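Q: One structure, pasted below without further comment.
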Amino acid sequence: MVDTGHGNRTGEFRGLDGPYWSLRPVNGGVEWETVPEQVRTPTPVELTEHHPDPGAEADRLRTLIVRGISPRT
């Protein structure tokens, strides 16, 4: 999602908190809250620019699992 109310920040939808949406940076980081009226769907170019490399993500998850760490942490 692209949060137009916070400088066109790109993030993944993480859930609802009352009237707000929680978003998290695509490559990980601290979640933030925004109002749904200021969120739009990313363009194909934005998806390409901000989406992590699927191979790198698979490697990251494999490393976490081998170390006994939950991928959700």
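Chain labels run A, B, ... following the order of the structure tokens; each chain numbers its residues from 1, and ligands are numbered from 1 in the order shown.
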Considering only C-alpha atoms, return as a list in words whatever protein or nucleic-acid residues lie within 6 Å of range 37-48 of chain A, sequence-local ones (same chain, fewer than 5 positions apart) excluded.
A: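 Non-adjacent residues within range: Met1, Val2, Asp3, Thr4 and Gly5 of chain A.
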Q: Go ahead and dump the residues you just picked, N, CA, C and O atoms, as a PDB file, in the first residue's frame.
A:
```
ATOM      1  N   MET A   1       0.836  -1.156   0.000  1.00  0.00           N
ATOM      2  CA  MET A   1       0.000   0.000   0.000  1.00  0.00           C
ATOM      3  C   MET A   1       0.896   1.239   0.000  1.00  0.00           C
ATOM      4  O   MET A   1       1.995   1.198   0.514  1.00  0.00           O
ATOM      5  N   VAL A   2       0.378   2.337  -0.556  1.00  0.00           N
ATOM      6  CA  VAL A   2       1.108   3.604  -0.544  1.00  0.00           C
ATOM      7  C   VAL A   2       0.339   4.575   0.339  1.00  0.00           C
ATOM      8  O   VAL A   2      -0.838   4.835   0.106  1.00  0.00           O
ATOM      9  N   ASP A   3       0.995   5.085   1.359  1.00  0.00           N
ATOM     10  CA  ASP A   3       0.394   6.003   2.315  1.00  0.00           C
ATOM     11  C   ASP A   3       0.678   7.432   1.861  1.00  0.00           C
ATOM     12  O   ASP A   3       1.764   7.965   2.076  1.00  0.00           O
ATOM     13  N   THR A   4      -0.297   8.054   1.216  1.00  0.00           N
ATOM     14  CA  THR A   4      -0.121   9.412   0.689  1.00  0.00           C
ATOM     15  C   THR A   4      -0.082  10.451   1.802  1.00  0.00           C
ATOM     16  O   THR A   4       0.417  11.551   1.603  1.00  0.00           O
ATOM     17  N   GLY A   5      -0.581  10.109   2.972  1.00  0.00           N
ATOM     18  CA  GLY A   5      -0.554  11.030   4.098  1.00  0.00           C
ATOM     19  C   GLY A   5       0.786  11.092   4.811  1.00  0.00           C
ATOM     20  O   GLY A   5       1.023  11.960   5.643  1.00  0.00           O
TER      21      GLY A   5
END
```
Q: So that I can check the surroundings of Ser22 in chain A, please list as a list of chain:residue names every protein, DNA and RNA residue that reaches within 7 Å of it, counting only C-alpha atoms and ignoring chain neighbours fewer than 3 positions away.
A: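 Returned residues: A:Phe13, A:Arg14, A:Gly15, A:Leu16, A:Asp17, A:Glu31, A:Trp32, A:Glu33, A:Thr34.
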Q: Any chance you could export the current selection's N, CA and C atoms as a short mmCIF file (atom, residue, chain, number, x, y, z; two decimals), in the first residue's frame?
A:
```cif
data_model
loop_
_atom_site.label_atom_id
_atom_site.label_comp_id
_atom_site.auth_asym_id
_atom_site.auth_seq_id
_atom_site.Cartn_x
_atom_site.Cartn_y
_atom_site.Cartn_z
N PHE A 13 0.00 -3.95 4.48
CA PHE A 13 -1.11 -3.86 5.42
C PHE A 13 -0.91 -4.92 6.50
N ARG A 14 -0.96 -4.51 7.79
CA ARG A 14 -0.75 -5.44 8.89
C ARG A 14 -1.99 -5.65 9.74
N GLY A 15 -2.95 -4.73 9.67
CA GLY A 15 -4.15 -4.93 10.45
C GLY A 15 -4.83 -3.61 10.79
N LEU A 16 -5.91 -3.74 11.55
CA LEU A 16 -6.71 -2.58 11.94
C LEU A 16 -6.47 -2.26 13.41
N ASP A 17 -6.51 -0.97 13.72
CA ASP A 17 -6.44 -0.51 15.10
C ASP A 17 -7.47 0.61 15.22
N GLU A 31 6.21 -0.52 12.30
CA GLU A 31 4.88 -0.25 11.76
C GLU A 31 4.47 1.19 12.07
N TRP A 32 3.56 1.71 11.26
CA TRP A 32 2.98 3.01 11.52
C TRP A 32 1.49 2.94 11.23
N GLU A 33 0.75 3.91 11.73
CA GLU A 33 -0.69 3.95 11.53
C GLU A 33 -1.06 5.08 10.59
N THR A 34 -2.12 4.85 9.84
CA THR A 34 -2.63 5.85 8.91
C THR A 34 -4.13 5.68 8.77
#
```
